[in-house]
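Reproduced below: my_file_13.tsv, with TSV, C-alpha atoms.
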chain	number	residue	atom	x	y	z
A	1	MET	CA	206.21	8.43	63.87
A	2	THR	CA	203.30	9.89	61.95
A	3	ASN	CA	199.79	9.47	63.25
A	4	ALA	CA	198.75	7.40	60.26
A	5	LEU	CA	201.55	4.97	60.96
A	6	LYS	CA	200.68	4.75	64.64
A	7	ASN	CA	197.07	4.20	63.80
A	8	ILE	CA	197.65	1.22	61.61
A	9	ILE	CA	200.25	-0.69	63.59
A	10	TYR	CA	197.63	-2.28	65.80
A	11	ASN	CA	194.67	-1.85	63.50
A	12	CYS	CA	193.86	-5.09	61.68
A	13	ARG	CA	190.64	-3.69	60.25
A	14	GLN	CA	192.58	-1.00	58.42
A	15	ALA	CA	195.37	-3.42	57.46
A	16	THR	CA	192.99	-5.93	55.87
A	17	PHE	CA	191.28	-3.07	54.06
A	18	LEU	CA	194.61	-2.01	52.58
A	19	ILE	CA	195.40	-5.62	51.68
A	20	GLU	CA	192.20	-5.81	49.63
A	21	LYS	CA	192.81	-2.45	48.04
A	22	ARG	CA	196.33	-3.44	47.09
A	23	ILE	CA	195.25	-6.77	45.59
A	24	ALA	CA	192.41	-5.38	43.49
A	25	GLY	CA	193.63	-1.87	42.78
A	26	LYS	CA	196.45	0.20	44.12
A	27	ILE	CA	197.47	1.92	47.33
A	28	THR	CA	199.68	4.96	47.90
A	29	ALA	CA	203.35	4.77	48.86
A	30	ALA	CA	202.46	5.89	52.39
A	31	GLU	CA	199.84	3.15	52.65
A	32	THR	CA	202.30	0.58	51.36
A	33	LEU	CA	204.68	1.56	54.14
A	34	GLN	CA	201.93	1.41	56.75
A	35	LEU	CA	200.86	-2.01	55.62
A	36	HIS	CA	204.43	-3.25	55.53
A	37	VAL	CA	204.97	-2.18	59.12
A	38	HIS	CA	201.72	-3.78	60.21
A	39	LEU	CA	202.39	-7.09	58.51
A	40	ALA	CA	205.90	-7.26	59.97
A	41	GLY	CA	204.33	-7.53	63.40
A	42	CYS	CA	201.00	-9.23	62.75
A	43	SER	CA	201.06	-12.91	61.85
A	44	VAL	CA	197.26	-13.11	61.85
A	45	CYS	CA	196.95	-10.55	59.06
A	46	LYS	CA	199.72	-12.34	57.19
A	47	ILE	CA	197.58	-15.47	57.18
A	48	TYR	CA	194.64	-13.34	56.09
A	49	GLN	CA	196.63	-11.97	53.16
A	50	GLN	CA	197.69	-15.43	51.94
A	51	GLN	CA	194.14	-16.72	52.18
A	52	SER	CA	192.72	-13.66	50.46
A	53	ILE	CA	194.98	-14.22	47.47
A	54	LEU	CA	194.09	-17.91	47.48
A	55	ILE	CA	190.37	-17.12	47.43
A	56	ASN	CA	190.78	-14.93	44.35
A	57	LYS	CA	192.77	-17.66	42.63
A	58	VAL	CA	190.19	-20.32	43.37
A	59	PHE	CA	187.35	-18.03	42.33
A	60	VAL	CA	188.91	-17.13	38.99
A	61	GLY	CA	190.12	-20.69	38.38
A	62	PHE	CA	186.53	-21.92	38.22
A	63	GLU	CA	186.32	-24.52	35.44
A	64	ASN	CA	183.71	-23.53	32.89
A	65	ASN	CA	184.01	-26.91	31.25
A	66	ASP	CA	182.74	-28.74	34.29
A	67	PHE	CA	179.28	-27.47	33.52
A	68	LYS	CA	177.11	-29.07	30.87
A	69	LEU	CA	173.44	-28.57	30.23
A	70	ASP	CA	171.28	-31.65	30.44
A	71	GLU	CA	169.86	-33.01	27.20
A	72	ALA	CA	166.24	-32.44	28.19
A	73	PHE	CA	166.89	-28.74	28.69
A	74	LYS	CA	168.71	-28.52	25.38
A	75	LYS	CA	165.82	-30.18	23.61
A	76	THR	CA	163.31	-27.71	25.06
A	77	LEU	CA	165.61	-24.89	24.13
A	78	ASN	CA	165.82	-26.08	20.54
A	79	GLU	CA	162.05	-26.38	20.36
A	80	LYS	CA	161.65	-22.84	21.61
A	81	ILE	CA	164.05	-21.53	18.99
A	82	GLU	CA	162.26	-23.46	16.27
A	83	LYS	CA	158.93	-22.07	17.41
A	84	GLU	CA	160.32	-18.53	17.39
A	85	ILE	CA	161.66	-18.94	13.87
A	86	ASN	CA	158.35	-20.26	12.56
A	87	LYS	CA	156.56	-17.29	14.08
A	88	ASN	CA	158.28	-14.88	11.74
B	89	MET	CA	153.17	-15.29	-2.95
B	90	GLN	CA	156.07	-13.43	-4.37
B	91	ASN	CA	156.65	-11.87	-0.95
B	92	GLU	CA	156.69	-15.27	0.72
B	93	THR	CA	159.47	-16.46	-1.53
B	94	ASP	CA	161.46	-13.30	-0.94
B	95	LYS	CA	161.19	-13.71	2.78
B	96	GLU	CA	162.35	-17.29	2.69
B	97	TYR	CA	165.27	-16.28	0.59
B	98	THR	CA	166.28	-13.62	3.11
B	99	VAL	CA	166.21	-16.08	5.98
B	100	LYS	CA	168.38	-18.51	4.11
B	101	SER	CA	170.93	-15.90	3.18
B	102	LEU	CA	171.53	-14.86	6.80
B	103	HIS	CA	174.95	-15.56	8.14
B	104	SER	CA	173.74	-17.67	10.95
B	105	ASP	CA	171.86	-20.91	11.50
B	106	PRO	CA	169.91	-20.65	14.76
B	107	LEU	CA	168.89	-24.30	14.61
B	108	SER	CA	172.47	-25.30	15.24
B	109	TRP	CA	173.03	-22.86	18.12
B	110	VAL	CA	172.05	-25.13	20.98
B	111	GLU	CA	174.27	-27.95	19.83
B	112	LYS	CA	177.22	-25.68	19.11
B	113	TYR	CA	177.11	-23.08	21.86
B	114	ALA	CA	174.69	-23.96	24.67
B	115	ASP	CA	177.27	-25.69	26.88
B	116	TYR	CA	179.87	-23.00	26.29
B	117	LEU	CA	177.45	-20.18	27.10
B	118	TYR	CA	176.18	-22.07	30.14
B	119	GLY	CA	179.74	-22.44	31.49
B	120	PHE	CA	180.38	-18.77	30.80
B	121	ALA	CA	177.26	-17.77	32.71
B	122	MET	CA	177.90	-20.25	35.54
B	123	SER	CA	181.40	-18.91	36.13
B	124	ARG	CA	179.95	-15.43	36.60
B	125	ILE	CA	176.67	-16.19	38.35
B	126	ARG	CA	177.25	-19.52	40.19
B	127	ASP	CA	173.58	-20.37	40.11
B	128	GLU	CA	172.37	-23.14	37.78
B	129	ASP	CA	168.79	-21.95	37.33
B	130	VAL	CA	169.75	-18.36	36.64
B	131	ALA	CA	172.50	-19.46	34.24
B	132	LYS	CA	170.03	-21.63	32.31
B	133	ASP	CA	167.58	-18.75	32.04
B	134	LEU	CA	170.29	-16.45	30.77
B	135	VAL	CA	171.36	-18.93	28.08
B	136	GLN	CA	167.76	-19.19	26.90
B	137	ASP	CA	167.32	-15.40	26.94
B	138	THR	CA	170.52	-15.06	24.95
B	139	PHE	CA	169.33	-17.35	22.16
B	140	LEU	CA	165.93	-15.67	22.00
B	141	ALA	CA	167.51	-12.21	21.93
B	142	GLY	CA	169.87	-13.47	19.23
B	143	LEU	CA	166.90	-14.49	17.10
B	144	GLN	CA	165.41	-11.02	17.48
B	145	ARG	CA	168.62	-9.40	16.33
B	146	LEU	CA	169.47	-11.87	13.64
B	147	ASP	CA	169.12	-9.14	11.00
B	148	GLY	CA	171.89	-7.20	12.66
B	149	PHE	CA	174.33	-10.08	12.58
B	150	GLU	CA	176.39	-9.67	9.49
B	151	GLY	CA	178.90	-12.41	9.94
B	152	ASN	CA	181.68	-9.94	10.66
B	153	SER	CA	182.29	-11.48	14.02
B	154	LYS	CA	182.05	-15.15	14.80
B	155	GLU	CA	178.63	-16.39	15.81
B	156	LYS	CA	180.05	-17.52	19.15
B	157	THR	CA	181.55	-14.11	19.89
B	158	TRP	CA	178.33	-12.43	18.91
B	159	LEU	CA	176.19	-14.65	21.17
B	160	THR	CA	178.67	-14.28	24.01
B	161	ALA	CA	178.39	-10.49	23.73
B	162	ILE	CA	174.62	-10.77	24.06
B	163	LEU	CA	175.05	-13.03	27.10
B	164	LYS	CA	177.46	-10.54	28.68
B	165	ASN	CA	174.78	-7.86	28.45
B	166	LYS	CA	172.25	-10.20	30.02
B	167	ILE	CA	174.67	-10.89	32.87
B	168	ALA	CA	175.24	-7.16	33.39
B	169	ASP	CA	171.46	-6.65	33.57
B	170	PHE	CA	171.22	-9.45	36.07
B	171	TYR	CA	173.96	-7.95	38.25
B	172	ARG	CA	172.24	-4.58	38.22
B	173	LYS	CA	168.85	-6.02	39.05
B	174	ARG	CA	170.18	-8.22	41.81
B	175	SER	CA	172.13	-5.34	43.30
B	176	SER	CA	169.20	-2.98	43.55
B	177	ASN	CA	167.01	-5.71	45.07
B	178	ASN	CA	169.44	-6.28	47.86
B	179	LEU	CA	170.12	-2.83	49.20
B	180	LYS	CA	168.13	-3.40	52.37
B	181	VAL	CA	169.68	-6.74	53.14
B	182	ILE	CA	173.15	-5.26	53.12
B	183	SER	CA	172.61	-2.63	55.74
B	184	ALA	CA	171.00	-5.24	57.97
B	185	GLU	CA	173.89	-7.67	57.63
B	186	GLU	CA	176.54	-5.05	58.00
B	187	THR	CA	175.62	-4.40	61.59
B	188	VAL	CA	175.48	-8.09	62.44
B	189	GLN	CA	178.83	-9.30	61.18
B	190	ASP	CA	181.94	-7.59	62.31
B	191	PHE	CA	185.28	-9.22	62.79
B	192	PHE	CA	187.16	-6.52	64.68
B	193	ASP	CA	187.10	-4.81	68.03
B	194	ALA	CA	185.22	-1.56	67.63
B	195	GLU	CA	187.80	0.42	69.61
B	196	SER	CA	191.18	-0.94	68.61
B	197	GLY	CA	190.45	-2.46	65.21
B	198	HIS	CA	192.04	-5.70	66.39
B	199	TRP	CA	190.66	-9.02	65.17
B	200	THR	CA	188.20	-10.31	67.74
B	201	GLU	CA	189.65	-13.53	69.02
B	202	LYS	CA	186.93	-15.83	67.70
B	203	ASP	CA	187.48	-14.36	64.24
B	204	TYR	CA	191.26	-14.83	64.06
B	205	PRO	CA	192.24	-16.16	60.66
B	206	ARG	CA	193.78	-19.58	61.13
B	207	ALA	CA	195.76	-21.53	58.57
B	208	PHE	CA	193.52	-23.74	56.40
B	209	GLY	CA	196.12	-26.49	56.39
B	210	LEU	CA	195.65	-26.76	52.68
B	211	GLU	CA	198.19	-27.94	50.14
B	212	VAL	CA	197.88	-25.31	47.46
B	213	ASP	CA	199.56	-27.62	44.94
B	214	ASN	CA	197.00	-30.35	45.40
B	215	PRO	CA	194.36	-29.92	42.68
B	216	LEU	CA	191.83	-32.10	44.49
B	217	MET	CA	192.05	-30.03	47.63
B	218	VAL	CA	191.76	-26.80	45.67
B	219	LYS	CA	188.72	-28.18	43.88
B	220	GLU	CA	187.12	-29.09	47.19
B	221	LEU	CA	187.83	-25.62	48.47
B	222	GLY	CA	186.26	-24.24	45.30
B	223	ALA	CA	183.03	-26.13	45.98
B	224	ILE	CA	182.85	-24.71	49.50
B	225	LEU	CA	183.66	-21.27	48.13
B	226	ASN	CA	180.66	-21.52	45.80
B	227	ASP	CA	178.38	-22.23	48.74
B	228	CYS	CA	179.87	-19.24	50.54
B	229	LEU	CA	179.37	-17.02	47.48
B	230	ALA	CA	175.72	-17.99	47.36
B	231	LYS	CA	175.25	-16.57	50.86
B	232	LEU	CA	176.59	-13.13	49.94
B	233	PRO	CA	174.22	-10.21	49.41
B	234	GLY	CA	173.57	-9.83	45.68
B	235	LEU	CA	175.33	-6.51	45.37
B	236	TRP	CA	178.49	-7.86	46.98
B	237	PHE	CA	178.53	-10.87	44.71
B	238	SER	CA	178.04	-8.66	41.66
B	239	VAL	CA	180.91	-6.40	42.65
B	240	PHE	CA	183.21	-9.30	43.42
B	241	SER	CA	182.42	-11.20	40.26
B	242	MET	CA	182.67	-8.18	37.97
B	243	LYS	CA	186.02	-7.28	39.46
B	244	HIS	CA	187.58	-10.72	39.33
B	245	MET	CA	185.92	-12.68	36.52
B	246	ASP	CA	185.86	-9.84	34.03
B	247	ASP	CA	188.71	-7.83	35.48
B	248	LEU	CA	186.67	-4.65	35.05
B	249	ALA	CA	188.05	-1.30	36.18
B	250	SER	CA	186.70	-0.26	39.56
B	251	GLU	CA	185.36	3.00	38.12
B	252	LEU	CA	183.31	1.09	35.55
B	253	ILE	CA	181.80	-1.17	38.20
B	254	CYS	CA	180.92	1.88	40.30
B	255	THR	CA	179.12	3.47	37.35
B	256	GLU	CA	177.31	0.26	36.41
B	257	LEU	CA	176.08	-0.42	39.92
B	258	LYS	CA	175.76	3.21	41.01
B	259	LEU	CA	178.31	2.99	43.80
B	260	SER	CA	180.70	5.54	45.24
B	261	THR	CA	184.39	4.60	45.18
B	262	ALA	CA	184.42	4.49	48.97
B	263	ASN	CA	181.46	2.15	48.98
B	264	PHE	CA	183.07	-0.04	46.37
B	265	TRP	CA	186.12	-0.66	48.56
B	266	VAL	CA	184.04	-1.22	51.67
B	267	ILE	CA	182.15	-3.90	49.77
B	268	MET	CA	185.32	-5.51	48.43
B	269	HIS	CA	186.71	-5.64	51.97
B	270	ARG	CA	183.52	-6.96	53.57
B	271	THR	CA	183.05	-9.54	50.85
B	272	LYS	CA	186.49	-10.98	51.37
B	273	LEU	CA	186.18	-10.96	55.15
B	274	ASN	CA	182.92	-12.88	54.90
B	275	LEU	CA	184.12	-15.35	52.28
B	276	ARG	CA	187.26	-16.07	54.25
B	277	ALA	CA	185.37	-16.58	57.50
B	278	CYS	CA	182.86	-18.82	55.72
B	279	LEU	CA	185.66	-20.95	54.27
B	280	GLN	CA	187.36	-21.27	57.63
B	281	LYS	CA	184.09	-22.35	59.21
B	282	ASN	CA	183.28	-24.96	56.58
B	283	TRP	CA	186.70	-26.29	55.65
B	284	ASN	CA	187.78	-29.54	57.34

Represent the structure contained in this file as structure tokens.
Amino acid sequence: MTNALKNIIYNCRQATFLIEKRIAGKITAAETLQLHVHLAGCSVCKIYQQQSILINKVFVGFENNDFKLDEAFKKTLNEKIEKEINKN
Amino acid sequence: MQNETDKEYTVKSLHSDPLSWVEKYADYLYGFAMSRIRDEDVAKDLVQDTFLAGLQRLDGFEGNSKEKTWLTAILKNKIADFYRKRSSNNLKVISAEETVQDFFDAESGHWTEKDYPRAFGLEVDNPLMVKELGAILNDCLAKLPGLWFSVFSMKHMDDLASELICTELKLSTANFWVIMHRTKLNLRACLQKNWN
């Protein structure tokens, strides 16, 4: 077994790092193998991985439409624009 | 007098009517900013800055792109400025927090037992539950150091290449990944703590 492989089998810090790197970028073939071996034996990191993906989904799924400006703010905004235009 | 008339004519012939902007685009731009900043006051300020900057550059708008696209592009620049500013303000905070929060045994790299990820017991198919989780997530995001939030949001909301984010925020690649890792560890722990 290579040292890198030995090092990661019990190392959750490194495994979660690779999980993040894989989700948001890419990891090497060797790293993929290391992570695979780690996850096969570590149920805690498996939960971490599921939740990490879920967090990204929830973050990106944020509904823009749920947010509306209040009318008072819009009115002030319009007045400011009008004032700016009249300046010129 | 002649000049006055000319000027008025120029204004009228522009391809844009700023007096209709608020009604047409304010809510859209606000939602756009909110999804990337998650802070109501800052998002409001950015919308206002966008309209005012738009007025300044009205001459440059030639109607080639849609008004909405044009204003959104201005807002995107404002958001990028905000990310940069917030990141540089927070450099000290990060190093302080980094030493405080760790989730792993220093020797083995094992999860420390109190930090074990546990199942949320969440039905992923239940939109109400996901929405509730989203609200908690927003609170957790607000607690992140500014630089971390900027990195996370740029990566996921705008799907920017990591290299570009590093250049924008003056980060090394190694630092970028450390931040991505730490951000997720913290967000996850915060959700676990506040869910249920």

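Residue nearest chain A within the list B:Asn214, B:Asn226, B:Ser260, B:Thr157: B:Asn226 [criterion: smallest interatomic distance, only C-alpha atoms].
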
- prompt: Between B:Val110, B:Cys254, B:Ala131, B:Leu216, which is the closest to chain A once you count all atoms listed in the file?
  reply: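 Closest to chain A, using all atoms listed in the file: B:Val110.
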
message: If we draw a sphere of 8 Å around (184.0, -25.6, 29.9), which residues have at least one atom in it when counting all atoms listed in the file? Please report them as a ChimeraX atom specification.
response: /A:63-68 /B:115-116,119-120

- request: Quote the spacing between atom CA of Lys57 of chain A and atom CA of Ala223 of chain B in Å to one decimal place.
  value: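 It comes out at 13.3 Å.
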
Between atom CA of Lys166 of chain B and atom CA of Cys228 of chain B, distance in Å (one decimal): 23.7 Å

Which residues of chain A sit at most 8 Å from chain B, using all atoms listed in the file? Give each one's shortest atom pair and distance in Å (one decimal place), in chain and ascending residue order, as CSV.
residue,atom,partner,partner_atom,distance
A:Tyr10,CA,B:His198,CA,6.6
A:Asn11,CA,B:Gly197,CA,4.6
A:Cys12,CA,B:His198,CA,5.1
A:Arg13,CA,B:Gly197,CA,5.1
A:Gln14,CA,B:Gly197,CA,7.3
A:Thr16,CA,B:His269,CA,7.4
A:Phe17,CA,B:His269,CA,5.6
A:Glu20,CA,B:His269,CA,6.0
A:Lys21,CA,B:Trp265,CA,6.9
A:Ala24,CA,B:Lys243,CA,7.8
A:Gly25,CA,B:Ser250,CA,7.8
A:Val44,CA,B:Pro205,CA,6.0
A:Cys45,CA,B:Pro205,CA,7.5
A:Ile47,CA,B:Pro205,CA,6.4
A:Tyr48,CA,B:Pro205,CA,5.9
A:Gln51,CA,B:Arg276,CA,7.2
A:Ser52,CA,B:Lys272,CA,6.8
A:Ile55,CA,B:Arg276,CA,7.6
A:Asn56,CA,B:His244,CA,7.3
A:Val58,CA,B:Gly222,CA,5.9
A:Phe59,CA,B:Gly222,CA,7.0
A:Val60,CA,B:Met245,CA,5.9
A:Phe62,CA,B:Ser123,CA,6.3
A:Glu63,CA,B:Ser123,CA,7.5
A:Asn64,CA,B:Gly119,CA,4.3
A:Asn65,CA,B:Gly119,CA,6.2
A:Asp66,CA,B:Gly119,CA,7.5
A:Phe67,CA,B:Gly119,CA,5.4
A:Lys68,CA,B:Asp115,CA,5.2
A:Leu69,CA,B:Asp115,CA,5.8
A:Lys74,CA,B:Val110,CA,6.5
A:Leu77,CA,B:Gln136,CA,6.7
A:Asn78,CA,B:Val110,CA,6.3
A:Ile81,CA,B:Leu140,CA,6.9
A:Glu82,CA,B:Leu107,CA,6.9
A:Glu84,CA,B:Leu143,CA,7.7
A:Ile85,CA,B:Leu143,CA,7.6

query: So how far away is atom CA of Asp169 of chain B from atom CA of Phe237 of chain B, in Å?
result: 13.9 Å

- line: Residue with the minimum atom-to-atom distance to Asn282 of chain B, picked from B:Leu146, B:Leu163, B:Ile224, B:Ala141 with only C-alpha atoms counted, is B:Ile224

With 8 Å of padding per side, what axis-aligned box (centre and edge lengths, Å, one decimal) covers all the listed atoms of segment 191-210 of chain B? Give it as JSON.
{"center_x": 190.7, "center_y": -13.2, "center_z": 61.1, "size_x": 26.9, "size_y": 43.2, "size_z": 32.9}

message: Given all atoms listed in the file as the basis, pick out the residue of B:Leu159, B:Cys278, B:Ala230, B:Leu257 nearest to Tyr113 of chain B.
response: B:Leu159

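Closest approach to Phe149 of chain B among B:Ile253, B:Pro215, B:Asp105, B:Arg174 is made by B:Asp105 (distances from only C-alpha atoms).
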
Which of A:Ile8, A:Glu31, A:Ile19, A:Lys83 sits closest to Lys46 of chain A [using all atoms listed in the file]: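 Of all the options, A:Ile19 lies closest to Lys46 of chain A.
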